[in-house]
Structure formats: structure tokens, C-alpha cells
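A.B. asks: Handing over final-v9.txt, compact mmCIF, C-alpha atoms.
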```
# COMPACT_ATOMS: atom_id res chain seq x y z
CA MET M 287 75.35 76.48 56.45
CA TRP M 288 78.93 76.24 55.25
CA LYS M 289 78.26 72.74 53.89
CA ILE M 290 76.00 74.50 51.38
CA SER M 291 77.61 77.90 50.90
CA LYS M 292 80.41 80.11 52.16
CA GLY M 293 79.57 82.96 49.82
CA GLN M 294 82.01 81.96 47.07
CA GLY M 295 81.94 84.14 43.99
CA ILE M 296 80.10 87.02 45.67
CA THR M 297 81.61 90.45 46.31
CA VAL M 298 80.30 92.58 49.16
CA ALA M 299 81.15 96.28 49.05
CA VAL M 300 81.72 97.75 52.50
CA ILE M 301 81.29 101.53 52.65
CA ASP M 302 83.05 102.69 55.79
CA GLY M 303 85.72 104.90 57.33
CA GLY M 304 88.85 102.92 56.42
CA PHE M 305 90.26 99.41 56.58
CA LYS M 306 93.19 97.56 58.12
CA LEU M 307 94.06 95.70 54.94
CA ASP M 308 96.78 93.57 56.52
CA HIS M 309 94.77 92.07 59.38
CA PRO M 310 95.63 88.33 59.43
CA ASP M 311 91.94 87.33 59.33
CA LEU M 312 91.35 89.49 56.25
CA VAL M 313 94.49 88.99 54.16
CA GLY M 314 93.39 87.87 50.71
CA GLN M 315 89.79 88.96 51.29
CA PHE M 316 90.07 92.55 50.07
CA LEU M 317 89.80 93.51 46.42
CA PRO M 318 91.40 96.78 45.27
CA GLY M 319 89.10 99.48 46.66
CA LYS M 320 88.71 103.23 46.35
CA ASP M 321 88.93 106.22 48.67
CA PHE M 322 86.12 108.78 48.40
CA SER M 323 86.94 110.54 51.67
CA GLY M 324 89.14 113.31 50.32
CA GLY M 325 91.64 112.56 53.06
CA SER M 326 95.18 111.22 52.93
CA GLY M 327 96.41 107.68 53.32
CA GLY M 328 94.03 105.90 50.98
CA VAL M 329 91.68 103.01 51.67
CA GLY M 330 94.16 101.31 54.00
CA SER M 331 94.27 104.18 56.48
CA TYR M 332 91.61 104.48 59.16
CA GLY M 333 90.54 106.70 61.99
CA ASP M 334 88.83 103.79 63.73
CA GLY M 335 88.43 100.04 63.30
CA HIS M 336 84.83 100.05 62.13
CA GLY M 337 85.39 99.16 58.48
CA THR M 338 87.77 96.39 59.50
CA GLU M 339 85.19 94.94 61.88
CA MET M 340 82.36 95.03 59.33
CA SER M 341 84.59 93.30 56.78
CA SER M 342 85.55 90.71 59.38
CA LEU M 343 81.92 89.92 60.26
CA ILE M 344 81.17 89.39 56.58
CA ALA M 345 84.24 87.57 55.27
CA GLY M 346 86.78 86.98 58.05
CA THR M 347 88.77 83.78 57.50
CA GLY M 348 89.73 83.07 61.11
CA GLU M 349 93.28 82.28 59.95
CA SER M 350 94.97 84.16 62.78
CA VAL M 351 95.83 82.74 66.20
CA GLY M 352 96.32 79.23 64.87
CA GLY M 353 93.00 79.16 63.05
CA THR M 354 90.98 80.45 65.99
CA GLY M 355 90.72 84.05 64.83
CA ALA M 356 87.61 85.95 63.78
CA TYR M 357 85.41 84.20 61.24
CA GLY M 358 82.89 85.99 59.07
CA LEU M 359 79.52 84.50 58.23
CA ALA M 360 80.49 84.29 54.53
CA PRO M 361 84.26 83.60 54.50
CA GLY M 362 84.15 82.64 50.83
CA ALA M 363 83.03 86.12 49.78
CA LYS M 364 85.35 88.98 48.87
CA ILE M 365 85.25 92.54 50.19
CA LEU M 366 85.41 95.69 48.06
CA PRO M 367 86.58 98.35 50.56
CA LEU M 368 85.19 101.82 49.82
CA LYS M 369 86.37 104.53 52.17
CA ILE M 370 84.33 107.58 53.10
CA ASN M 371 84.83 110.33 55.66
CA ASN M 372 82.52 109.29 58.47
CA GLY M 373 84.02 111.87 60.78
CA SER M 374 86.58 109.56 62.37
CA PHE M 375 89.60 111.48 61.03
CA SER M 376 88.23 114.95 60.25
CA GLY M 377 85.00 116.91 60.29
CA VAL M 378 82.44 116.15 57.61
CA SER M 379 79.28 118.00 56.62
CA PRO M 380 76.02 116.05 56.25
CA SER M 381 75.95 116.87 52.53
CA ASP M 382 79.47 115.55 51.94
CA PHE M 383 78.76 112.46 54.03
CA LEU M 384 75.73 111.52 51.93
CA ASP M 385 77.45 112.49 48.69
CA GLN M 386 80.41 110.22 49.41
CA ILE M 387 78.06 107.34 50.15
CA GLY M 388 76.36 107.97 46.81
CA GLN M 389 79.69 107.98 44.97
CA ALA M 390 80.68 104.73 46.66
CA VAL M 391 77.36 103.07 45.80
CA ASN M 392 77.75 104.08 42.14
CA TYR M 393 81.31 102.73 42.09
CA ALA M 394 80.25 99.40 43.58
CA VAL M 395 77.39 99.01 41.10
CA ASP M 396 79.62 99.91 38.16
CA HIS M 397 81.99 97.13 39.27
CA GLY M 398 79.27 94.51 39.37
CA VAL M 399 78.97 94.20 43.14
CA LYS M 400 75.97 92.17 44.33
CA VAL M 401 75.74 93.29 47.97
CA ILE M 402 76.55 96.73 49.39
CA ASN M 403 76.90 97.11 53.16
CA ILE M 404 76.54 100.57 54.72
CA SER M 405 76.88 100.33 58.51
CA GLN M 406 76.84 104.12 58.71
CA GLY M 407 74.21 106.80 59.15
CA MET M 408 73.30 110.32 60.19
CA ASP M 409 70.05 111.84 61.45
CA ALA M 410 67.69 112.45 58.53
CA VAL M 411 66.80 115.98 59.65
CA ARG M 412 70.37 117.11 58.99
CA PHE M 413 70.10 116.66 55.25
CA THR M 414 68.64 118.99 52.65
CA SER M 415 65.95 117.75 50.27
CA ASP M 416 68.48 117.96 47.44
CA ASP M 417 70.86 115.63 49.33
CA VAL M 418 68.09 113.11 49.88
CA VAL M 419 66.69 113.25 46.35
CA LYS M 420 70.16 112.66 44.88
CA LEU M 421 70.98 109.63 47.00
CA THR M 422 67.46 108.22 46.64
CA GLY M 423 67.95 108.25 42.86
CA ILE M 424 71.32 106.52 43.17
CA LEU M 425 69.84 103.81 45.38
CA ALA M 426 66.97 103.24 42.94
CA GLN M 427 69.48 102.85 40.11
CA ALA M 428 71.54 100.43 42.20
CA ARG M 429 68.50 98.17 42.72
CA ALA M 430 67.54 98.46 39.04
CA LYS M 431 71.05 97.35 38.09
CA GLY M 432 70.87 94.32 40.39
CA ALA M 433 72.52 95.34 43.66
CA LEU M 434 71.13 94.84 47.16
CA VAL M 435 71.94 97.69 49.56
CA VAL M 436 71.92 96.84 53.28
CA ALA M 437 72.24 99.51 56.00
CA SER M 438 71.99 99.78 59.76
CA VAL M 439 68.99 101.67 61.14
CA GLY M 440 70.82 103.21 64.10
CA ASN M 441 71.32 102.87 67.83
CA GLN M 442 69.38 105.80 69.24
CA ALA M 443 66.02 104.24 70.09
CA GLN M 444 66.46 105.45 73.66
CA SER M 445 67.50 108.93 72.55
CA GLY M 446 64.50 110.06 70.55
CA ASN M 447 64.60 107.26 67.96
CA PRO M 448 65.55 109.63 65.09
CA VAL M 449 65.37 108.23 61.58
CA SER M 450 68.77 108.16 59.93
CA TYR M 451 69.90 107.99 56.33
CA PRO M 452 70.74 105.99 54.33
CA GLY M 453 69.03 103.34 56.50
CA GLY M 454 65.64 105.08 56.21
CA LEU M 455 65.68 105.54 52.44
CA PRO M 456 63.83 103.51 49.79
CA ASN M 457 65.64 100.59 48.14
CA VAL M 458 67.63 99.99 51.33
CA VAL M 459 67.31 96.95 53.58
CA GLY M 460 67.21 98.56 57.03
CA VAL M 461 68.55 96.27 59.76
CA GLY M 462 67.93 96.29 63.51
CA ALA M 463 69.83 94.44 66.24
CA LEU M 464 68.93 91.45 68.44
CA ASP M 465 70.22 90.37 71.83
CA HIS M 466 71.12 86.87 73.05
CA ASP M 467 67.44 85.93 73.33
CA ALA M 468 66.61 87.08 69.79
CA VAL M 469 64.80 90.10 71.25
CA VAL M 470 65.32 93.52 69.64
CA THR M 471 67.86 95.46 71.70
CA ALA M 472 66.79 98.57 73.57
CA GLU M 473 69.10 100.76 71.48
CA SER M 474 68.00 99.46 68.07
CA GLU M 475 65.90 102.11 66.34
CA GLN M 476 62.32 101.35 65.36
CA GLY M 477 60.04 102.32 62.50
CA PRO M 478 58.88 101.37 59.01
CA GLN M 479 62.50 101.46 57.81
CA VAL M 480 63.27 98.21 59.70
CA VAL M 481 63.14 95.28 57.27
CA LEU M 482 65.14 92.58 59.08
CA THR M 483 67.03 92.03 62.31
CA ALA M 484 70.20 90.10 63.13
CA PRO M 485 72.46 89.49 66.14
CA GLY M 486 73.89 92.71 67.50
CA MET M 487 75.08 92.00 71.03
CA ASP M 488 78.53 90.88 72.25
CA ILE M 489 79.81 90.45 68.70
CA VAL M 490 83.51 89.60 68.40
CA ALA M 491 85.35 90.66 65.26
CA ALA M 492 88.77 91.50 63.90
CA CYS M 493 89.59 95.16 64.44
CA ALA M 494 92.39 97.71 64.36
CA ALA M 495 93.18 97.54 68.10
CA ASP M 496 96.61 96.31 69.19
CA THR M 497 95.13 92.97 70.23
CA GLY M 498 93.52 92.54 66.82
CA TYR M 499 90.08 91.73 68.22
CA CYS M 500 87.18 93.71 69.64
CA LYS M 501 83.81 92.99 71.17
CA SER M 502 80.94 95.26 70.14
CA HIS M 503 77.19 95.66 69.82
CA GLY M 504 74.81 97.59 67.58
CA THR M 505 72.90 97.67 64.34
CA SER M 506 76.15 98.03 62.39
CA ASP M 507 77.09 94.49 63.30
CA ALA M 508 73.58 93.28 62.51
CA ALA M 509 73.66 94.90 59.05
CA ALA M 510 76.98 93.19 58.28
CA LEU M 511 75.47 89.81 59.18
CA VAL M 512 72.47 90.42 56.91
CA SER M 513 74.85 91.37 54.09
CA ALA M 514 76.77 88.15 54.68
CA SER M 515 73.50 86.18 54.70
CA ALA M 516 72.62 87.62 51.30
CA ALA M 517 76.06 86.60 50.02
CA LEU M 518 75.53 83.01 51.22
CA VAL M 519 72.19 82.73 49.41
CA TRP M 520 73.29 84.50 46.24
CA SER M 521 76.34 82.28 45.96
CA VAL M 522 74.06 79.27 45.52
CA HIS M 523 71.42 80.96 43.37
CA ARG M 524 73.44 83.10 40.96
CA GLU M 525 70.46 83.52 38.63
CA TRP M 526 68.34 85.24 41.28
CA THR M 527 67.87 89.00 41.34
CA ALA M 528 68.27 91.28 44.36
CA ASN M 529 64.49 91.23 44.78
CA GLN M 530 64.44 87.42 44.88
CA VAL M 531 67.32 87.14 47.34
CA LEU M 532 65.64 89.68 49.61
CA ARG M 533 62.27 87.95 49.28
CA VAL M 534 63.76 84.64 50.42
CA LEU M 535 65.52 86.31 53.37
CA VAL M 536 62.22 87.95 54.35
CA ASN M 537 60.10 84.81 53.82
CA THR M 538 62.45 82.64 55.87
CA ALA M 539 62.98 85.15 58.68
CA GLY M 540 61.97 84.32 62.21
CA THR M 541 58.61 85.99 62.68
CA PRO M 542 58.24 88.98 65.02
CA HIS M 543 57.50 88.04 68.62
CA ASP M 544 53.97 89.44 68.45
CA GLY M 545 53.10 87.02 65.64
CA SER M 546 52.54 89.75 63.05
CA VAL M 547 53.79 89.61 59.49
CA ARG M 548 55.94 92.65 60.28
CA ASN M 549 56.15 95.37 62.88
CA ASP M 550 58.17 98.53 63.39
CA LEU M 551 60.23 96.97 66.17
CA GLY M 552 61.77 94.06 64.31
CA GLY M 553 60.59 94.35 60.72
CA TYR M 554 59.76 91.02 59.12
CA GLY M 555 61.82 89.21 61.75
CA SER M 556 65.30 87.82 62.34
CA VAL M 557 67.35 86.74 59.36
CA ARG M 558 67.88 82.96 59.22
CA PRO M 559 70.42 82.13 56.50
CA ARG M 560 70.39 78.43 57.40
CA VAL M 561 66.68 78.21 56.57
CA ALA M 562 67.13 80.42 53.51
CA LEU M 563 69.73 77.95 52.22
CA THR M 564 68.00 74.69 53.12
CA ASP M 565 64.36 75.63 52.49
CA PRO M 566 64.25 78.88 50.48
CA GLY M 567 60.78 78.40 49.01
CA ASP M 568 59.57 80.37 46.00
CA PRO M 569 61.82 83.39 45.28
CA GLY M 570 58.93 85.09 43.49
CA PRO M 571 59.09 87.55 40.59
CA ALA M 572 62.49 88.86 39.63
CA ASP M 573 61.41 92.45 39.06
CA VAL M 574 59.15 93.07 42.07
CA SER M 575 60.49 94.19 45.44
CA PRO M 576 59.12 92.25 48.43
CA VAL M 577 59.09 95.39 50.59
CA PRO M 578 57.62 98.88 50.02
CA THR M 579 60.05 101.32 48.41
CA ALA M 580 57.87 104.35 47.75
CA THR M 581 59.15 107.24 49.86
CA PRO M 582 61.82 108.02 52.46
CA VAL M 583 60.79 107.28 56.04
CA ALA M 584 61.34 110.87 57.14
CA THR M 585 61.08 114.23 55.41
CA ALA M 586 64.40 116.02 55.06
CA SER M 587 64.87 119.53 56.32
CA PRO M 588 64.36 122.06 53.52
CA SER M 589 67.31 124.13 54.66
CA SER M 590 70.19 124.43 52.24
CA SER M 591 72.70 123.27 54.82
CA ALA M 592 72.75 121.54 58.17
CA SER M 593 73.03 124.22 60.81
CA SER M 594 71.85 125.23 64.22
CA SER M 595 68.35 124.19 63.21
CA ALA M 596 69.41 120.58 63.62
CA PRO M 597 68.19 119.25 66.93
CA THR M 598 70.68 118.51 69.63
CA SER M 599 70.44 115.44 71.74
CA SER M 600 70.09 115.77 75.50
CA THR M 601 71.96 118.54 77.25
CA PRO M 602 74.11 121.30 75.77
CA GLY M 603 77.64 120.10 75.14
CA SER M 604 76.68 116.43 74.99
CA ILE M 605 77.65 114.44 71.94
CA GLY M 606 74.24 112.92 71.58
CA SER M 607 73.55 109.26 71.08
CA PRO M 608 76.42 106.88 70.54
CA SER M 609 76.91 105.68 67.03
CA ASP M 610 78.04 102.45 65.54
CA VAL M 611 81.73 102.75 65.18
CA ALA M 612 84.65 100.80 66.40
CA ALA M 613 85.57 103.57 68.75
CA GLY M 614 88.80 104.38 67.11
CA ALA M 615 90.55 101.36 68.50
CA PRO M 616 90.96 102.33 72.16
CA PRO M 617 94.16 101.29 73.93
CA ALA M 618 94.54 97.50 74.14
CA GLN M 619 93.50 95.91 77.42
CA SER M 620 93.84 92.50 78.97
CA LYS M 621 90.29 91.42 78.19
CA ALA M 622 87.93 94.34 78.48
CA GLU M 623 84.40 93.42 77.54
CA ALA M 624 82.51 96.67 77.36
CA PRO M 625 80.00 96.75 74.52
CA SER M 626 81.52 97.69 71.18
CA GLY M 627 80.01 98.29 67.79
CA SER M 628 76.48 97.15 67.96
CA SER M 629 74.02 99.89 67.71
CA SER M 630 75.34 102.92 69.34
CA ALA M 631 78.28 104.09 67.30
CA LEU M 632 80.49 106.96 68.32
CA LEU M 633 79.05 110.32 67.38
CA ILE M 634 81.65 112.24 65.52
CA VAL M 635 81.59 115.89 66.41
CA GLY M 636 82.55 118.62 64.01
CA GLY M 637 82.08 122.32 64.61
CA VAL M 638 80.71 124.09 61.55
CA VAL M 639 80.57 127.83 60.91
CA ALA M 640 77.71 128.71 58.54
CA GLY M 641 78.81 131.81 56.64
CA LEU M 642 78.95 134.83 58.94
CA LEU M 643 76.28 133.47 61.24
CA VAL M 644 77.50 132.77 64.73
CA VAL M 645 76.88 129.04 64.76
CA ALA M 646 80.21 127.93 66.15
CA GLY M 647 78.67 125.23 68.28
CA VAL M 648 77.02 123.19 65.54
CA VAL M 649 77.56 119.48 65.99
CA PHE M 650 77.27 116.80 63.34
CA ALA M 651 76.65 113.35 64.77
CA VAL M 652 77.68 110.69 62.32
CA VAL M 653 75.82 107.63 63.49
CA ARG M 654 77.82 104.59 62.58
CA ARG M 655 75.66 101.75 63.68
CA ARG M 656 77.81 100.20 66.36
CA LYS M 657 79.06 101.04 69.79
CA ALA M 658 82.71 101.63 70.45
CA ALA M 659 84.48 98.33 70.05
CA VAL M 660 86.53 97.20 73.01
CA PRO M 661 89.81 95.39 72.31
CA LEU M 662 90.07 91.75 73.29
CA VAL M 663 93.18 89.70 73.90
CA PRO M 664 93.66 86.87 71.37
CA PRO M 665 92.50 83.49 72.75
CA GLN M 666 95.94 82.07 73.47
CA GLN M 667 96.92 84.90 75.76
CA PRO M 668 96.26 84.66 79.50
CA VAL M 669 93.36 86.65 80.84
CA GLY M 670 94.18 88.98 83.66
CA ALA M 671 92.22 91.48 85.69
CA ALA M 672 91.02 94.00 83.16
CA THR M 673 89.92 97.58 83.42
CA LEU M 674 87.82 99.37 80.88
CA PRO M 675 89.68 101.77 78.60
CA SER M 676 89.20 105.47 79.08
CA PRO M 677 86.90 106.94 76.46
CA PRO M 678 88.51 109.06 73.73
CA ALA M 679 88.47 112.78 74.36
CA HIS M 680 85.55 113.32 72.00
CA GLN M 681 83.42 110.99 74.11
CA SER M 682 84.04 112.66 77.44
CA SER M 683 80.75 114.55 77.44
CA MET M 684 78.56 111.52 76.76
CA PRO M 685 76.09 110.82 79.57
CA PRO M 686 77.17 107.77 81.63
CA GLU M 687 74.15 105.73 80.55
CA ASP M 688 75.02 106.33 76.88
CA ASN M 689 78.73 105.73 77.26
CA PRO M 690 79.60 102.34 75.74
CA TYR M 691 82.65 102.13 78.00
CA ALA M 692 80.54 102.42 81.14
CA ARG M 693 78.43 99.33 80.61
```
Could you write out this file's structure as C-alpha cells?
C.D. replies:
Amino acid sequence: MWKISKGQGITVAVIDGGFKLDHPDLVGQFLPGKDFSGGSGGVGSYGDGHGTEMSSLIAGTGESVGGTGAYGLAPGAKILPLKINNGSFSGVSPSDFLDQIGQAVNYAVDHGVKVINISQGMDAVRFTSDDVVKLTGILAQARAKGALVVASVGNQAQSGNPVSYPGGLPNVVGVGALDHDAVVTAESEQGPQVVLTAPGMDIVAACAADTGYCKSHGTSDAAALVSASAALVWSVHREWTANQVLRVLVNTAGTPHDGSVRNDLGGYGSVRPRVALTDPGDPGPADVSPVPTATPVATASPSSSASSSAPTSSTPGSIGSPSDVAAGAPPAQSKAEAPSGSSSALLIVGGVVAGLLVVAGVVFAVVRRRKAAVPLVPPQQPVGAATLPSPPAHQSSMPPEDNPYAR
């Protein structure tokens, strides 16, 4: 693929919880970004390594460790880092979470960004109709102005398969995750919101851990790889619109295993950027979307704020399904290989008191589309007997089968 394109001339906006701007595999890849989180420290501060990992999967240069570091799929592309509060450094309400995503999307579009990656999400039922209507309008404007928005669909297929936003909204390319055999992973969420799939198992990327590298799994990783695929294609066909780039990615995708044109398990199939570059076919009309964009996949709760009416997952006190984050860079280990960042991100818990109502136990699960990333030792270091890191305190109540550190 790189003989044809490395994504040169394309900017990918990454909307995430913060970025390690000085990682050796990403130096020179970041453009000046913006912080929408309301927190301190700016874009270059982070509560976890998730944004760093997504950026690495898209545009990592592999320059570290003597040129054997983490490469992105489109190393010629540039990253516009846009920081939001995804719950990794302080509590965030569903309304603020969606609002910050909307602000970041608007900023990216206003700066001429072609591809916008959002490997983040939260259960759709937690949002008010006003929240959803506002972001839906922003996403429609982004597509009308020429941007392609790519988002992870979530990692809770085994925990009720709840639709999450923004991945389930119109004008978003929802992405599911595949395993080593190109089969949709058990955790990858299913439904009409799934447009494409991409690898999302045992993905190695640059991260904020002491070792500099993490292994992860989840739909977050898969979304980043679809974003990078779009950058590769767009770099060669600058005259194409977002609709045409998406149509080619869809038309060249590996078909679903059941032979259908599309299904709710894997969408239109697995993204194949090599085929999209070598045999793209007819990109079709510039102003017609190749996928339905009529209505959100799920109906938002009519309540004015997320509260105790939001469903809890599993037993009282549990955090719910894992989300797609780089688990806040757990302590570095010799070569731990627990799943990290692919479709079960850490659920960020924030207690919320709604007025004078006694709702002290309300939990907001921010579903970043990857499981907690586990640090890896750089290649040149000797591999010793490794033990899995202890989960952060906010993960302690996760059921063993949902704990990314226990796999």
C-alpha cells in the first residue's frame, strides 16, 4: 500500500482524552490542537494513553527503538489532536461529553480536516433528545462541508449490546472489530450502525506507559484503522468527496461471512485499503451517501438529564462493560500481554447528584472503544517473566470475565 500512498497531505482529527505529544513515534505528526475538556494542562496532558494510541495507529512513524517502533497505517498523514473530557481525569456528564465532541467536530471542519476519528462513546439512553438533535445537526453539517466522521461502535456486545453515540448517529461511519481470523470479535457491538469492520485484536501501538508501547483490542483500534484507510485513499484522490471515499471503502470491503451485501454483525465487511488503492472502481456520485443516514439508531431518553433512570449494567456497584480506553497507562511491566484497547474501553465512573434528589449512586460509563492497553517492553529489551498489572482502583468492581487485565 505504501508504494501507492502513505496518506500524505491528509489531516486526521483525533477527538480523545489527551495526547502524549512528545512520543518518539509521533514527534512531528501533531498539528497544533485544541482543548475542549475544560480541564487543566492543555492538549498535551492526559488521564490515559488512549488518544496517543489512536494517533499512533493512524500516523505513527515507527522512528523509535532504532526504526522498529509503532507504525501507523498512514504515516504520511498528520494528526489534529482535539482533547475532550472522556472521564479519564474528572467526572463528565453525558450532555457535556456529547457537547465537547460537537465542539471538536466543528473545529476540525472549520480547519479543513478531511477525516475525523472518534474512538469514544457513551450509551445512547443516557442522552437527552436535545443533546442528540444538536450533535446530529453538527454531524450533518460536517458531511455537507466535506468531512468523513469515523467512530467506534462499542465493546459491549456481551453486556446487552447497547447502542452508543456518536457511533450510532447518522453521518457517522460506525466501525466494529475483527479478530485474527477476520471474524467479528465477541465484544464488538452489532446493529444497523455498523458500516465497516477492521482489525481489533492484539493491536500494538505507541502509548503513554513507561515502556512507550501497549497491546490492546477493541472497536477503538478498528475505527482508527478505518480512519487511516480513508486517509490513504483520499491522499491519492484529492478530488473525491467524503461520499466517494466512503463508497470505495464500502465497495472494496471484504464481504460479510454470510455472503450478504451487509449485515448487523459486520456491516458491509472488512475494510481493505490495499484493494481500495489498487482497484477502487467507480467512486459514484459526489453528493450521494453510499449508506443510509436518515435517523439515529436508537431513540434518546426524553429526560432532561442523565440520572438514575439510566440502566445499570450487571450487578449493583459494578462499573458495567469495559470501554475502549488505554487504561490510564498501568504500571510498566516486563511484557504483559493482556488485551488493551480494542473494544471494551474502561468505563469511567462519576457520581452525579441530580438537584435535591437522592441519586448519589448514579454512574456514567464513558465507553471509549478499546480495552485497557497493557504496556509492552520495547523490542530491544529482554523479555522476562511477566505478571499482569493490577487494575486501577476504578476497575476493581468489574466482573472477572469483563476485566481486560484478567484475560
A.B. asks: Given the choices M:Ala394, M:Leu563, M:Leu384, M:Ile301, which gets closest to Val419 (chain M) if the distance is worked out from only C-alpha atoms?
C.D. replies: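 Result for the nearest residue to Val419 (chain M): M:Leu384.
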A.B. asks: Name all residues at most 9 Å from region 343-350 of chain M (count only C-alpha atoms; drop same-chain ones fewer than 6 positions away) and give them as number ranges by chain.
C.D. replies: M: 292-293, 298, 309-313, 315, 356-365, 489-492, 507, 510-515, 517
A.B. asks: Find the spatial neighbours of Gly303 (chain M), counting all atoms listed in the file, within a cut-off of 7 Å - ignore same-chain residues fewer than 5 positions away - and output them as a PyMOL selection string.
C.D. replies: chain M and resi 332-333+336-337+369-372+374
A.B. asks: Counting all atoms listed in the file, I want the residues whose atoms come within 8 Å of (69.5, 81.6, 51.9) in the file frame, returned as a PDB file with C-alpha atoms, in the coordinates of the input.
C.D. replies:
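Below you can see out_5.pdb, which holds the result:
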```
ATOM      1  CA  SER M 515      73.500  86.180  54.700  1.00  0.00           C
ATOM      2  CA  ALA M 516      72.620  87.620  51.300  1.00  0.00           C
ATOM      3  CA  LEU M 518      75.530  83.010  51.220  1.00  0.00           C
ATOM      4  CA  VAL M 519      72.190  82.730  49.410  1.00  0.00           C
ATOM      5  CA  TRP M 520      73.290  84.500  46.240  1.00  0.00           C
ATOM      6  CA  VAL M 531      67.320  87.140  47.340  1.00  0.00           C
ATOM      7  CA  VAL M 534      63.760  84.640  50.420  1.00  0.00           C
ATOM      8  CA  LEU M 535      65.520  86.310  53.370  1.00  0.00           C
ATOM      9  CA  ARG M 558      67.880  82.960  59.220  1.00  0.00           C
ATOM     10  CA  PRO M 559      70.420  82.130  56.500  1.00  0.00           C
ATOM     11  CA  ARG M 560      70.390  78.430  57.400  1.00  0.00           C
ATOM     12  CA  VAL M 561      66.680  78.210  56.570  1.00  0.00           C
ATOM     13  CA  ALA M 562      67.130  80.420  53.510  1.00  0.00           C
ATOM     14  CA  LEU M 563      69.730  77.950  52.220  1.00  0.00           C
ATOM     15  CA  THR M 564      68.000  74.690  53.120  1.00  0.00           C
ATOM     16  CA  ASP M 565      64.360  75.630  52.490  1.00  0.00           C
ATOM     17  CA  PRO M 566      64.250  78.880  50.480  1.00  0.00           C
TER      18      PRO M 566
END
```
A.B. asks: In terms of the shortest atom-to-atom distance over all atoms listed in the file, which of M:Lys400, M:Ser474, M:Thr422, M:Val461 is closest to Gln444 (chain M)?
C.D. replies: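 Of all the options, M:Ser474 lies closest to Gln444 (chain M).
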